[in-house]
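Listing of work28.txt, compact mmCIF, C-alpha atoms
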# COMPACT_ATOMS: atom_id res chain seq x y z
CA MET A 1 -7.39 6.29 55.30
CA THR A 2 -7.83 9.95 54.29
CA LEU A 3 -7.39 11.90 51.10
CA ARG A 4 -4.87 14.11 52.90
CA GLN A 5 -2.29 11.33 52.57
CA LEU A 6 -2.15 11.87 48.81
CA PRO A 7 0.78 14.02 47.66
CA SER A 8 0.01 17.33 45.97
CA VAL A 9 0.37 17.63 42.22
CA GLU A 10 3.22 20.11 42.77
CA THR A 11 5.09 17.57 44.90
CA LEU A 12 4.66 14.97 42.18
CA LEU A 13 5.87 17.39 39.51
CA GLN A 14 9.03 18.13 41.47
CA ALA A 15 9.78 14.40 41.51
CA SER A 16 9.02 13.94 37.82
CA ASN A 17 11.93 15.72 36.15
CA ASN A 18 12.81 12.75 33.94
CA LEU A 19 9.21 12.39 32.85
CA ILE A 20 8.98 16.11 32.08
CA ASP A 21 12.17 15.93 30.02
CA GLU A 22 10.62 13.11 28.01
CA TYR A 23 7.05 14.36 27.55
CA GLY A 24 6.96 18.05 28.53
CA ARG A 25 5.40 19.68 31.58
CA PRO A 26 1.80 20.19 30.27
CA LEU A 27 1.32 16.52 29.34
CA VAL A 28 2.92 15.29 32.58
CA LEU A 29 0.75 17.65 34.64
CA ASP A 30 -2.42 16.31 32.99
CA ALA A 31 -1.31 12.69 33.50
CA LEU A 32 -0.51 13.24 37.19
CA ARG A 33 -3.87 14.92 37.75
CA ARG A 34 -5.59 11.92 36.16
CA GLN A 35 -3.74 9.56 38.48
CA LEU A 36 -4.64 11.64 41.53
CA ASP A 37 -8.31 11.66 40.52
CA HIS A 38 -8.17 7.87 40.10
CA ALA A 39 -6.47 7.48 43.49
CA ARG A 40 -9.10 9.63 45.23
CA ALA A 41 -11.86 7.47 43.82
CA LYS A 42 -10.09 4.32 45.08
CA ILE A 43 -9.52 5.79 48.56
CA LYS A 44 -13.23 6.58 48.85
CA GLN A 45 -13.83 2.88 48.19
CA GLY A 46 -11.51 1.94 51.06
CA ASP A 47 -8.16 1.48 49.28
CA ALA A 48 -4.87 2.77 50.65
CA ALA A 49 -3.26 5.90 49.27
CA PRO A 50 -0.59 5.01 46.69
CA ALA A 51 2.98 6.21 47.10
CA SER A 52 4.31 9.07 45.01
CA GLU A 53 6.53 6.66 43.06
CA THR A 54 3.48 4.58 42.15
CA LEU A 55 1.54 7.60 40.93
CA ILE A 56 4.47 8.76 38.78
CA ALA A 57 4.96 5.26 37.34
CA GLU A 58 1.25 5.05 36.48
CA ALA A 59 1.45 8.49 34.87
CA ARG A 60 4.33 7.23 32.71
CA LEU A 61 2.29 4.23 31.57
CA ASP A 62 -0.67 6.51 30.89
CA LEU A 63 1.43 8.80 28.69
CA LEU A 64 3.03 5.88 26.91
CA ALA A 65 -0.38 4.42 26.06
CA LYS A 66 -1.76 7.73 24.85
CA LEU A 67 1.26 8.84 22.82
CA THR A 68 2.44 5.59 21.23
CA PRO A 69 1.81 6.04 17.48
CA THR A 70 -0.99 3.96 16.05
CA LEU A 71 0.86 3.86 12.72
CA ARG A 72 3.85 1.70 13.61
CA PRO A 73 6.37 -0.56 11.86
CA VAL A 74 5.66 -4.29 12.07
CA ILE A 75 7.45 -7.40 10.89
CA ASN A 76 5.45 -9.09 8.15
CA ALA A 77 6.04 -12.85 8.37
CA THR A 78 2.80 -13.78 6.59
CA GLY A 79 4.30 -14.38 3.16
CA VAL A 80 1.84 -11.91 1.60
CA ILE A 81 4.11 -9.56 -0.33
CA LEU A 82 1.69 -6.72 -1.07
CA HIS A 83 -0.22 -6.90 2.20
CA THR A 84 -2.76 -4.07 1.92
CA ASN A 85 -3.43 -3.96 5.67
CA LEU A 86 0.30 -3.72 6.36
CA GLY A 87 1.04 -0.91 3.90
CA ARG A 88 1.52 -2.75 0.59
CA SER A 89 4.91 -2.28 -1.07
CA LEU A 90 8.07 -1.46 0.85
CA LEU A 91 10.22 1.29 -0.62
CA SER A 92 13.77 0.81 -1.84
CA GLN A 93 16.59 2.42 0.12
CA ASP A 94 17.09 4.91 -2.71
CA ALA A 95 13.42 5.89 -2.56
CA ILE A 96 13.64 6.39 1.21
CA LYS A 97 16.78 8.54 0.83
CA ALA A 98 15.05 10.62 -1.83
CA MET A 99 12.12 11.30 0.52
CA VAL A 100 14.47 12.28 3.35
CA ASN A 101 16.40 14.64 1.07
CA VAL A 102 13.36 16.60 -0.10
CA SER A 103 11.67 16.62 3.30
CA GLY A 104 14.71 18.01 5.13
CA HIS A 105 15.48 20.73 2.61
CA TYR A 106 13.70 23.20 0.39
CA SER A 107 13.31 21.65 -3.06
CA THR A 108 12.54 22.27 -6.72
CA LEU A 109 8.98 20.98 -6.28
CA GLU A 110 7.52 23.81 -8.35
CA TYR A 111 10.64 25.75 -9.34
CA ASP A 112 12.52 25.79 -12.65
CA LEU A 113 16.21 26.22 -11.90
CA GLU A 114 17.14 26.98 -15.50
CA LYS A 115 14.56 29.72 -15.95
CA GLY A 116 14.67 30.96 -12.37
CA GLU A 117 10.89 31.00 -12.13
CA ARG A 118 7.90 28.93 -11.11
CA GLY A 119 7.88 25.42 -12.54
CA SER A 120 5.48 22.48 -12.43
CA ARG A 121 5.42 19.52 -10.04
CA THR A 122 4.07 17.33 -12.85
CA THR A 123 7.48 17.22 -14.56
CA HIS A 124 9.39 15.26 -11.91
CA ALA A 125 7.98 11.81 -12.71
CA GLU A 126 6.65 12.53 -16.20
CA ARG A 127 9.98 12.23 -18.01
CA LEU A 128 10.73 8.87 -16.38
CA LEU A 129 7.25 7.45 -16.97
CA THR A 130 7.11 8.42 -20.63
CA GLN A 131 10.57 6.94 -21.16
CA LEU A 132 9.64 3.64 -19.51
CA ALA A 133 6.28 3.20 -21.24
CA SER A 134 6.96 5.03 -24.52
CA THR A 135 3.96 7.31 -24.11
CA GLU A 136 3.54 11.02 -24.78
CA SER A 137 2.67 12.34 -21.33
CA ALA A 138 2.04 11.43 -17.70
CA LEU A 139 0.44 12.74 -14.54
CA VAL A 140 0.73 11.51 -10.93
CA VAL A 141 -2.07 11.90 -8.37
CA ASN A 142 -2.45 10.48 -4.88
CA ASN A 143 -4.00 7.09 -5.71
CA ALA A 144 -5.48 5.08 -8.56
CA ALA A 145 -9.10 5.74 -7.53
CA CYS A 146 -8.41 9.47 -7.82
CA ALA A 147 -6.75 8.88 -11.17
CA LEU A 148 -9.88 7.21 -12.52
CA LEU A 149 -12.17 9.84 -10.99
CA LEU A 150 -10.12 12.69 -12.46
CA THR A 151 -9.96 11.04 -15.89
CA LEU A 152 -13.69 10.41 -16.10
CA THR A 153 -14.60 13.83 -14.68
CA ALA A 154 -12.31 15.73 -17.06
CA LEU A 155 -12.99 13.69 -20.19
CA ALA A 156 -16.38 11.98 -19.84
CA LYS A 157 -18.72 14.13 -17.74
CA ASN A 158 -22.29 13.92 -19.15
CA LYS A 159 -21.04 11.46 -21.77
CA GLU A 160 -21.31 7.69 -22.17
CA VAL A 161 -18.54 5.27 -21.21
CA ILE A 162 -18.90 1.64 -22.31
CA VAL A 163 -17.84 -1.09 -19.86
CA SER A 164 -18.16 -4.87 -19.99
CA ARG A 165 -20.39 -6.26 -17.23
CA GLY A 166 -17.58 -8.63 -16.33
CA GLN A 167 -15.41 -5.64 -15.38
CA LEU A 168 -17.77 -3.81 -13.02
CA ILE A 169 -15.42 -4.58 -10.17
CA GLU A 170 -15.30 -3.83 -6.46
CA ILE A 171 -11.96 -3.78 -4.69
CA GLY A 172 -11.03 -3.41 -1.02
CA GLY A 173 -12.86 -0.87 1.11
CA GLY A 174 -16.02 -1.01 -1.01
CA PHE A 175 -14.49 0.90 -3.94
CA ARG A 176 -16.69 0.21 -6.98
CA VAL A 177 -16.13 1.27 -10.59
CA PRO A 178 -19.83 2.12 -11.14
CA ASP A 179 -19.84 4.40 -8.07
CA VAL A 180 -16.77 6.28 -9.28
CA MET A 181 -18.33 6.72 -12.71
CA LYS A 182 -21.51 8.09 -11.14
CA GLN A 183 -19.51 10.54 -9.03
CA SER A 184 -17.64 11.75 -12.11
CA GLY A 185 -20.82 12.52 -14.02
CA ALA A 186 -20.06 9.95 -16.71
CA LYS A 187 -22.90 7.71 -17.83
CA LEU A 188 -22.19 4.00 -17.47
CA VAL A 189 -23.20 1.85 -20.42
CA GLU A 190 -23.02 -1.85 -19.55
CA VAL A 191 -22.50 -4.38 -22.34
CA GLY A 192 -22.31 -8.16 -22.55
CA THR A 193 -22.84 -10.48 -19.61
CA THR A 194 -20.81 -11.31 -16.51
CA ASN A 195 -18.89 -14.08 -18.25
CA ARG A 196 -19.13 -13.22 -21.97
CA THR A 197 -18.65 -9.93 -23.75
CA HIS A 198 -18.01 -9.86 -27.50
CA VAL A 199 -16.50 -7.26 -29.82
CA ARG A 200 -19.93 -6.84 -31.43
CA ASP A 201 -21.33 -5.78 -28.02
CA LEU A 202 -18.87 -2.90 -27.96
CA LYS A 203 -19.59 -1.85 -31.54
CA GLU A 204 -23.36 -1.92 -31.08
CA ALA A 205 -23.16 0.18 -27.89
CA VAL A 206 -21.37 3.14 -29.49
CA THR A 207 -23.66 6.17 -29.95
CA ASP A 208 -23.23 9.87 -30.62
CA LYS A 209 -22.96 10.36 -26.83
CA THR A 210 -20.17 7.82 -26.39
CA ILE A 211 -16.79 9.26 -25.45
CA ALA A 212 -14.82 6.20 -24.33
CA LEU A 213 -14.50 2.47 -23.84
CA LEU A 214 -13.20 1.53 -20.39
CA ARG A 215 -11.28 -1.61 -19.52
CA ALA A 216 -11.13 -2.28 -15.77
CA HIS A 217 -8.65 -5.09 -15.17
CA HIS A 218 -10.21 -7.57 -12.73
CA SER A 219 -6.98 -7.92 -10.80
CA ASN A 220 -8.45 -9.36 -7.58
CA PHE A 221 -10.60 -12.18 -9.00
CA LYS A 222 -10.83 -14.62 -11.90
CA ILE A 223 -13.70 -15.59 -14.16
CA ILE A 224 -13.05 -19.06 -15.51
CA GLY A 225 -14.94 -21.56 -17.64
CA PHE A 226 -17.30 -20.40 -20.40
CA THR A 227 -15.86 -16.90 -20.87
CA THR A 228 -15.12 -14.40 -23.61
CA GLU A 229 -13.72 -10.91 -23.32
CA PRO A 230 -12.39 -8.55 -26.01
CA THR A 231 -8.65 -7.97 -25.94
CA LEU A 232 -7.34 -4.49 -25.36
CA GLU A 233 -6.21 -4.38 -28.99
CA GLN A 234 -9.76 -5.19 -30.13
CA MET A 235 -11.18 -2.50 -27.85
CA VAL A 236 -8.74 0.05 -29.24
CA LYS A 237 -9.71 -0.81 -32.82
CA VAL A 238 -13.42 -0.45 -32.08
CA ALA A 239 -12.85 2.86 -30.30
CA HIS A 240 -10.47 4.38 -32.81
CA ASP A 241 -12.57 3.31 -35.81
CA ALA A 242 -15.43 5.23 -34.18
CA LYS A 243 -13.12 8.13 -33.24
CA ARG A 244 -13.52 7.40 -29.53
CA ILE A 245 -10.89 6.77 -26.84
CA VAL A 246 -9.91 3.82 -24.65
CA ILE A 247 -9.27 4.22 -20.94
CA ASP A 248 -7.34 1.26 -19.51
CA ASP A 249 -7.62 0.99 -15.72
CA LEU A 250 -4.75 -1.44 -15.46
CA GLY A 251 -4.55 -1.84 -11.68
CA SER A 252 -1.26 -3.28 -10.49
CA GLY A 253 1.16 -1.39 -12.70
CA ALA A 254 3.55 -4.23 -13.53
CA LEU A 255 6.64 -3.10 -15.44
CA LEU A 256 8.26 -6.55 -15.30
CA ASP A 257 6.85 -9.81 -16.63
CA THR A 258 5.55 -11.82 -13.67
CA SER A 259 5.57 -15.04 -15.71
CA HIS A 260 9.38 -15.07 -15.46
CA TYR A 261 9.01 -15.79 -11.74
CA GLY A 262 6.62 -18.73 -11.78
CA LEU A 263 3.45 -16.63 -11.74
CA ALA A 264 0.72 -16.04 -14.28
CA HIS A 265 1.28 -13.15 -16.66
CA GLU A 266 0.01 -9.88 -15.23
CA PRO A 267 -0.90 -7.29 -17.90
CA MET A 268 1.99 -4.86 -18.19
CA VAL A 269 2.04 -1.10 -18.57
CA GLN A 270 4.22 -1.36 -21.66
CA GLU A 271 1.72 -3.75 -23.29
CA SER A 272 -1.13 -1.29 -22.81
CA ALA A 273 0.96 1.49 -24.30
CA LYS A 274 1.92 -0.71 -27.26
CA ALA A 275 -1.77 -1.50 -27.84
CA ASN A 276 -2.34 2.29 -28.18
CA ALA A 277 -4.68 2.72 -25.24
CA ASP A 278 -5.28 6.48 -25.00
CA ILE A 279 -5.23 6.70 -21.20
CA ILE A 280 -3.59 4.11 -18.93
CA ILE A 281 -4.10 4.17 -15.15
CA PHE A 282 -2.24 2.14 -12.52
CA SER A 283 -1.10 2.16 -8.88
CA GLY A 284 2.29 3.14 -7.55
CA ASP A 285 2.35 0.90 -4.47
CA LYS A 286 1.49 -2.48 -5.97
CA LEU A 287 3.70 -4.34 -8.44
CA LEU A 288 5.47 -1.13 -9.35
CA GLY A 289 6.94 -1.24 -5.83
CA GLY A 290 6.80 2.48 -5.08
CA PRO A 291 4.78 4.85 -2.90
CA GLN A 292 1.00 5.16 -2.91
CA ALA A 293 0.16 7.02 -6.09
CA GLY A 294 -2.24 7.01 -9.00
CA ILE A 295 -0.33 7.13 -12.27
CA ILE A 296 -1.89 8.28 -15.52
CA ILE A 297 -0.01 7.97 -18.83
CA GLY A 298 -1.09 8.35 -22.44
CA ARG A 299 -1.85 10.89 -25.13
CA ALA A 300 -0.52 14.36 -24.42
CA GLU A 301 -3.66 16.25 -25.48
CA LEU A 302 -5.82 14.18 -23.11
CA ILE A 303 -3.41 14.34 -20.18
CA GLU A 304 -3.18 18.11 -20.65
CA LYS A 305 -6.93 18.33 -20.06
CA LEU A 306 -6.48 16.38 -16.83
CA LYS A 307 -3.67 18.67 -15.67
CA LYS A 308 -5.84 21.76 -16.23
CA HIS A 309 -8.97 20.40 -14.54
CA PRO A 310 -9.75 21.92 -11.10
CA LEU A 311 -9.94 18.45 -9.54
CA ALA A 312 -6.27 17.86 -10.39
CA ARG A 313 -5.16 20.19 -7.61
CA ALA A 314 -7.35 18.42 -5.06
CA VAL A 315 -5.79 15.04 -5.82
CA ARG A 316 -2.23 16.04 -6.67
CA ALA A 317 0.76 14.11 -5.30
CA ASP A 318 3.06 15.69 -2.72
CA LYS A 319 6.85 16.06 -2.83
CA LEU A 320 7.49 12.90 -0.81
CA THR A 321 5.45 10.77 -3.19
CA LEU A 322 7.03 12.31 -6.28
CA SER A 323 10.57 11.88 -4.97
CA ALA A 324 10.03 8.24 -3.96
CA LEU A 325 8.29 7.46 -7.23
CA ALA A 326 11.10 8.99 -9.28
CA ALA A 327 13.70 6.94 -7.41
CA THR A 328 11.63 3.77 -7.91
CA LEU A 329 11.20 4.37 -11.63
CA THR A 330 14.93 4.97 -11.97
CA HIS A 331 15.56 1.39 -10.76
CA TYR A 332 13.65 0.12 -13.79
CA LEU A 333 15.55 2.35 -16.19
CA LYS A 334 18.84 1.09 -14.71
CA ASP A 335 17.65 -2.56 -14.93
CA GLU A 336 18.11 -3.10 -11.19
CA ALA A 337 14.51 -3.55 -10.04
CA THR A 338 14.91 -7.16 -8.88
CA LYS A 339 17.96 -6.19 -6.83
CA LYS A 340 16.75 -2.96 -5.25
CA ILE A 341 12.94 -2.87 -5.18
CA PRO A 342 11.74 -4.97 -2.21
CA VAL A 343 8.60 -6.26 -3.96
CA TRP A 344 10.65 -7.74 -6.79
CA ARG A 345 13.38 -8.98 -4.46
CA MET A 346 10.71 -10.93 -2.60
CA ILE A 347 9.07 -12.27 -5.75
CA SER A 348 12.41 -13.38 -7.20
CA MET A 349 13.93 -14.66 -3.92
CA PRO A 350 15.55 -18.09 -4.51
CA LEU A 351 13.94 -21.00 -2.66
CA ASN A 352 17.28 -22.17 -1.23
CA GLU A 353 17.77 -18.76 0.41
CA ILE A 354 14.27 -18.92 1.91
CA GLU A 355 14.86 -22.46 3.19
CA SER A 356 18.18 -21.52 4.76
CA ARG A 357 16.60 -18.65 6.69
CA ALA A 358 13.57 -20.72 7.75
CA THR A 359 15.95 -23.44 9.01
CA LYS A 360 17.87 -20.90 11.09
CA TRP A 361 14.61 -19.71 12.69
CA ALA A 362 13.28 -23.19 13.34
CA GLN A 363 16.51 -24.27 15.00
CA ALA A 364 16.42 -21.19 17.26
CA TRP A 365 12.84 -21.94 18.33
CA GLY A 366 12.71 -25.73 18.31
CA GLY A 367 10.33 -25.77 15.35
CA ASP A 368 10.19 -27.39 11.93
CA VAL A 369 10.65 -26.26 8.33
CA ILE A 370 7.72 -27.13 6.09
CA GLU A 371 6.62 -26.47 2.52
CA SER A 372 4.10 -23.69 2.01
CA GLN A 373 2.97 -20.97 -0.41
CA SER A 374 3.56 -17.20 -0.51
CA THR A 375 1.13 -14.88 -2.29
CA VAL A 376 1.57 -11.57 -4.07
CA GLY A 377 -1.53 -9.92 -2.55
CA GLY A 378 -2.59 -6.30 -3.01
CA GLY A 379 -5.35 -7.24 -5.43
CA SER A 380 -2.77 -8.67 -7.84
CA LEU A 381 -2.56 -12.12 -9.43
CA PRO A 382 -5.53 -13.80 -7.70
CA GLU A 383 -5.01 -17.46 -6.77
CA GLU A 384 -1.35 -17.27 -7.87
CA THR A 385 1.21 -18.51 -5.35
CA LEU A 386 4.97 -18.85 -5.01
CA ARG A 387 6.54 -21.95 -3.52
CA THR A 388 8.17 -21.20 -0.17
CA LYS A 389 9.53 -22.73 3.03
CA VAL A 390 8.30 -21.60 6.44
CA ALA A 391 9.33 -22.08 10.05
CA ALA A 392 6.44 -23.78 11.85
CA LEU A 393 5.73 -23.86 15.60
CA THR A 394 3.31 -25.98 17.57
CA THR A 395 1.81 -23.99 20.46
CA ALA A 396 -0.96 -24.64 22.98
CA SER A 397 -3.10 -21.90 21.44
CA PRO A 398 -1.99 -20.54 18.04
CA ASP A 399 -4.45 -17.64 18.25
CA GLN A 400 -3.17 -16.55 21.67
CA PHE A 401 0.43 -16.86 20.52
CA LEU A 402 -0.26 -14.64 17.50
CA SER A 403 -1.94 -12.15 19.83
CA ARG A 404 1.14 -12.02 22.05
CA LEU A 405 3.37 -11.49 19.01
CA ARG A 406 1.20 -8.56 17.94
CA SER A 407 1.63 -7.05 21.42
CA ALA A 408 5.43 -7.09 21.25
CA SER A 409 7.43 -3.84 21.22
CA THR A 410 7.92 -4.52 17.53
CA PRO A 411 4.73 -6.34 16.52
CA ILE A 412 5.11 -9.51 14.48
CA ILE A 413 2.34 -10.54 12.09
CA ALA A 414 2.39 -14.24 11.24
CA ARG A 415 -0.32 -16.76 10.27
CA ILE A 416 -1.79 -20.11 11.18
CA GLU A 417 -1.56 -23.10 8.86
CA ASN A 418 -2.91 -26.52 9.90
CA ASP A 419 -3.11 -25.40 13.55
CA ARG A 420 0.53 -24.32 13.60
CA VAL A 421 2.00 -20.81 13.68
CA VAL A 422 4.13 -20.29 10.57
CA PHE A 423 6.67 -17.62 9.62
CA ASP A 424 7.57 -16.99 5.96
CA PRO A 425 11.07 -15.53 5.36
CA ARG A 426 10.06 -14.19 1.94
CA THR A 427 8.46 -11.08 3.46
CA VAL A 428 10.88 -10.52 6.36
CA ASN A 429 13.78 -8.15 5.72
CA VAL A 430 17.20 -9.56 6.57
CA ASN A 431 17.79 -6.66 8.97
CA GLU A 432 14.64 -7.67 10.87
CA GLU A 433 15.70 -11.28 11.30
CA GLU A 434 17.54 -11.13 14.64
CA MET A 435 14.73 -9.12 16.23
CA LEU A 436 12.18 -11.62 14.95
CA ILE A 437 14.15 -14.56 16.37
CA LYS A 438 14.52 -12.87 19.76
CA ILE A 439 10.88 -11.80 20.12
CA VAL A 440 9.52 -15.22 19.18
CA ARG A 441 12.02 -16.98 21.47
CA ASP A 442 11.05 -14.69 24.36
CA GLN A 443 7.37 -15.40 23.81
CA LEU A 444 8.01 -19.15 23.72
CA ASN A 445 9.99 -18.98 26.95
CA SER A 446 7.31 -16.96 28.72
CA ALA A 447 4.47 -19.25 27.67
Would you write the structure of this file as structure tokens?
Amino acid sequence: MTLRQLPSVETLLQASNNLIDEYGRPLVLDALRRQLDHARAKIKQGDAAPASETLIAEARLDLLAKLTPTLRPVINATGVILHTNLGRSLLSQDAIKAMVNVSGHYSTLEYDLEKGERGSRTTHAERLLTQLASTESALVVNNAACALLLTLTALAKNKEVIVSRGQLIEIGGGFRVPDVMKQSGAKLVEVGTTNRTHVRDLKEAVTDKTIALLRAHHSNFKIIGFTTEPTLEQMVKVAHDAKRIVIDDLGSGALLDTSHYGLAHEPMVQESAKANADIIIFSGDKLLGGPQAGIIIGRAELIEKLKKHPLARAVRADKLTLSALAATLTHYLKDEATKKIPVWRMISMPLNEIESRATKWAQAWGGDVIESQSTVGGGSLPEETLRTKVAALTTASPDQFLSRLRSASTPIIARIENDRVVFDPRTVNVNEEEMLIKIVRDQLNSA
């Protein structure tokens, strides 16, 4: 067998019109050349020369593998509502429409229509946030870590910030409060012990160099047993009596009371504002149910310093974030959050609806419906669960079955419970249901 039997790259190109229409000539040319190089190597080892059709088909697979996005939609059947690895909160349809509108058109991002001159991007969410939380001002940056870094850099550089040892937290990805404080130039002053911090510890730590008391809500763990921790109201009194400020790193950003849905009470944004915390920081893509964002609300004079700091431009939110956030906040103002924001729809989903959907799935697959637990996730409400019903399948190898589901054209992420593969309807959109049923059925039939 000789190399001369291989078709030329030009011959292959002439037979690849459909591929060129799909991927463009330059990419197809590179892919065909790669396949020819591979074929030459195989021929030298004694293999036969592949047909032109085979080379073109391999080039298609090559391009598909290289150009398939790594950031792809998946079906989340785990029952973890705010699944950090899967993108946390889903956006409402109104939020998605708002993003499409501003991305497909020029917008008033930094333009004042009334004055006919340059405006400020900070205004778009500020009015809604101050109305919801009854605070003086607000600023949106690209995530909560940036919000804390900006706040400490602008207000506390080279000054002391008092923090309880029980709140020196680390969250996902190795993000640590002490590291952020060090980066900001603020000096960390630790008080109390891991499990017990008293009001007197805060009072005794205040010096002429103290600028603030920081509360970092330990949203992803619990300290139980012999514990004491000052309330936010007590921290505010100590700080304000000493003419200092309180920074409340609230975390999840709950605007609704989670205890109404069978969960423990998560500290709410409105409660922090009512307690007169001077700066309140929380996430946009956790219990708020919006896009990734770091939200800062509080006293106008302090927020104004943040807006004017050079770091504010480096961490500012873009038009897509601001539009989606504004639409999400509007749901709360219109008292429709549990109907339109996916996170709250999932949290408040009736058990009989979940059971009905799980039964439909189980009947389609020959599985069972069993009792289980959903979780909120996203570093919110640790150890808290919601009663649920799941469709359960017995397979020869649960791990291999999950692997095959992840390899589907639309990947499905499920979990294993007691050696069975289980699917929780709470986190599966209704419009994903038929695709889920089909993919799982196909995988069962091919096993």
Best match for closeness to Leu333 in chain A among A:Asn142, A:Thr151, A:Gln131, A:Thr108, counting all atoms listed in the file: A:Gln131
For Met349 in chain A: contacts at 12 Å, all atoms listed in the file, fewer than 3 positions along chain excluded, given as a VMD selection string: chain A and resid 79 81 261 to 262 338 to 339 341 to 346 352 to 357 374 386 to 389 424 to 429
Generate a file of the selected residues that holds C-alpha atoms, formatted as a PDB file, keeping the file's coordinate frame.
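Generated output (result-v9.pdb):
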ATOM      1  CA  GLY A  79       4.300 -14.380   3.160  1.00  0.00           C
ATOM      2  CA  ILE A  81       4.110  -9.560  -0.330  1.00  0.00           C
ATOM      3  CA  TYR A 261       9.010 -15.790 -11.740  1.00  0.00           C
ATOM      4  CA  GLY A 262       6.620 -18.730 -11.780  1.00  0.00           C
ATOM      5  CA  THR A 338      14.910  -7.160  -8.880  1.00  0.00           C
ATOM      6  CA  LYS A 339      17.960  -6.190  -6.830  1.00  0.00           C
ATOM      7  CA  ILE A 341      12.940  -2.870  -5.180  1.00  0.00           C
ATOM      8  CA  PRO A 342      11.740  -4.970  -2.210  1.00  0.00           C
ATOM      9  CA  VAL A 343       8.600  -6.260  -3.960  1.00  0.00           C
ATOM     10  CA  TRP A 344      10.650  -7.740  -6.790  1.00  0.00           C
ATOM     11  CA  ARG A 345      13.380  -8.980  -4.460  1.00  0.00           C
ATOM     12  CA  MET A 346      10.710 -10.930  -2.600  1.00  0.00           C
ATOM     13  CA  ASN A 352      17.280 -22.170  -1.230  1.00  0.00           C
ATOM     14  CA  GLU A 353      17.770 -18.760   0.410  1.00  0.00           C
ATOM     15  CA  ILE A 354      14.270 -18.920   1.910  1.00  0.00           C
ATOM     16  CA  GLU A 355      14.860 -22.460   3.190  1.00  0.00           C
ATOM     17  CA  SER A 356      18.180 -21.520   4.760  1.00  0.00           C
ATOM     18  CA  ARG A 357      16.600 -18.650   6.690  1.00  0.00           C
ATOM     19  CA  SER A 374       3.560 -17.200  -0.510  1.00  0.00           C
ATOM     20  CA  LEU A 386       4.970 -18.850  -5.010  1.00  0.00           C
ATOM     21  CA  ARG A 387       6.540 -21.950  -3.520  1.00  0.00           C
ATOM     22  CA  THR A 388       8.170 -21.200  -0.170  1.00  0.00           C
ATOM     23  CA  LYS A 389       9.530 -22.730   3.030  1.00  0.00           C
ATOM     24  CA  ASP A 424       7.570 -16.990   5.960  1.00  0.00           C
ATOM     25  CA  PRO A 425      11.070 -15.530   5.360  1.00  0.00           C
ATOM     26  CA  ARG A 426      10.060 -14.190   1.940  1.00  0.00           C
ATOM     27  CA  THR A 427       8.460 -11.080   3.460  1.00  0.00           C
ATOM     28  CA  VAL A 428      10.880 -10.520   6.360  1.00  0.00           C
ATOM     29  CA  ASN A 429      13.780  -8.150   5.720  1.00  0.00           C
TER      30      ASN A 429
END
For Ala49 in chain A, the nearest of the candidates A:Thr2, A:Gln35, A:Ser16, A:Thr330, counting only C-alpha atoms: A:Thr2
Radius query 9 Å about (-1.2, -12.0, -5.1), atoms used: all atoms listed in the file, as a list in words: Val80, Ile81, Leu82, His83, Asn220, Ser374, Thr375, Val376, Gly377, Gly378, Gly379, Ser380, Leu381, Pro382, Glu383, Glu384 and Thr385 of chain A
Distance criterion (only C-alpha atoms): nearest to Ser397 in chain A out of A:Lys115, A:Thr153, A:Gly185, A:Leu444: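 Nearest candidate to Ser397 in chain A out of A:Lys115, A:Thr153, A:Gly185, A:Leu444: A:Leu444.
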Distance query range 312-316 of chain A at most 8 Å, all atoms listed in the file, self and fewer than 6 positions along chain excluded, as JSON, numbers by chain: {"A": [140, 141, 142, 146, 150, 306]}
Exercise: Ala275 in chain A partners within 12 Å, all atoms listed in the file, chain neighbours under 4 positions left out, as a ChimeraX atom specification: /A:133-135,231-237,240,246-248,267-271,279-280,298
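CA of Ile370 in chain A to CA of Arg415 in chain A spans 13.8 Å [interatomic distance, one decimal].
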Given all atoms listed in the file as the counted atoms, nearest of A:Ser348, A:Gly192, A:Asp318, A:Leu288 to His260 in chain A: A:Ser348
Exercise: range 20-24 of chain A partners within 12 Å, all atoms listed in the file, chain neighbours under 6 positions left out, as a list in words: Leu12, Leu13, Gln14, Asp30, Ala31, Leu32, Ile56, Ala59, Arg60, Leu61, Asp62, Leu63, Leu64, Lys66, Leu67 and Thr68 of chain A
Could you dump the residues just selected with C-alpha atoms as an mmCIF file, in the coordinates of the input?
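What follows is the written file selection_5.cif:
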data_model
loop_
_atom_site.group_PDB
_atom_site.id
_atom_site.type_symbol
_atom_site.label_atom_id
_atom_site.label_comp_id
_atom_site.auth_asym_id
_atom_site.auth_seq_id
_atom_site.Cartn_x
_atom_site.Cartn_y
_atom_site.Cartn_z
ATOM 1 C CA LEU A 12 4.660 14.970 42.180
ATOM 2 C CA LEU A 13 5.870 17.390 39.510
ATOM 3 C CA GLN A 14 9.030 18.130 41.470
ATOM 4 C CA ASP A 30 -2.420 16.310 32.990
ATOM 5 C CA ALA A 31 -1.310 12.690 33.500
ATOM 6 C CA LEU A 32 -0.510 13.240 37.190
ATOM 7 C CA ILE A 56 4.470 8.760 38.780
ATOM 8 C CA ALA A 59 1.450 8.490 34.870
ATOM 9 C CA ARG A 60 4.330 7.230 32.710
ATOM 10 C CA LEU A 61 2.290 4.230 31.570
ATOM 11 C CA ASP A 62 -0.670 6.510 30.890
ATOM 12 C CA LEU A 63 1.430 8.800 28.690
ATOM 13 C CA LEU A 64 3.030 5.880 26.910
ATOM 14 C CA LYS A 66 -1.760 7.730 24.850
ATOM 15 C CA LEU A 67 1.260 8.840 22.820
ATOM 16 C CA THR A 68 2.440 5.590 21.230
#
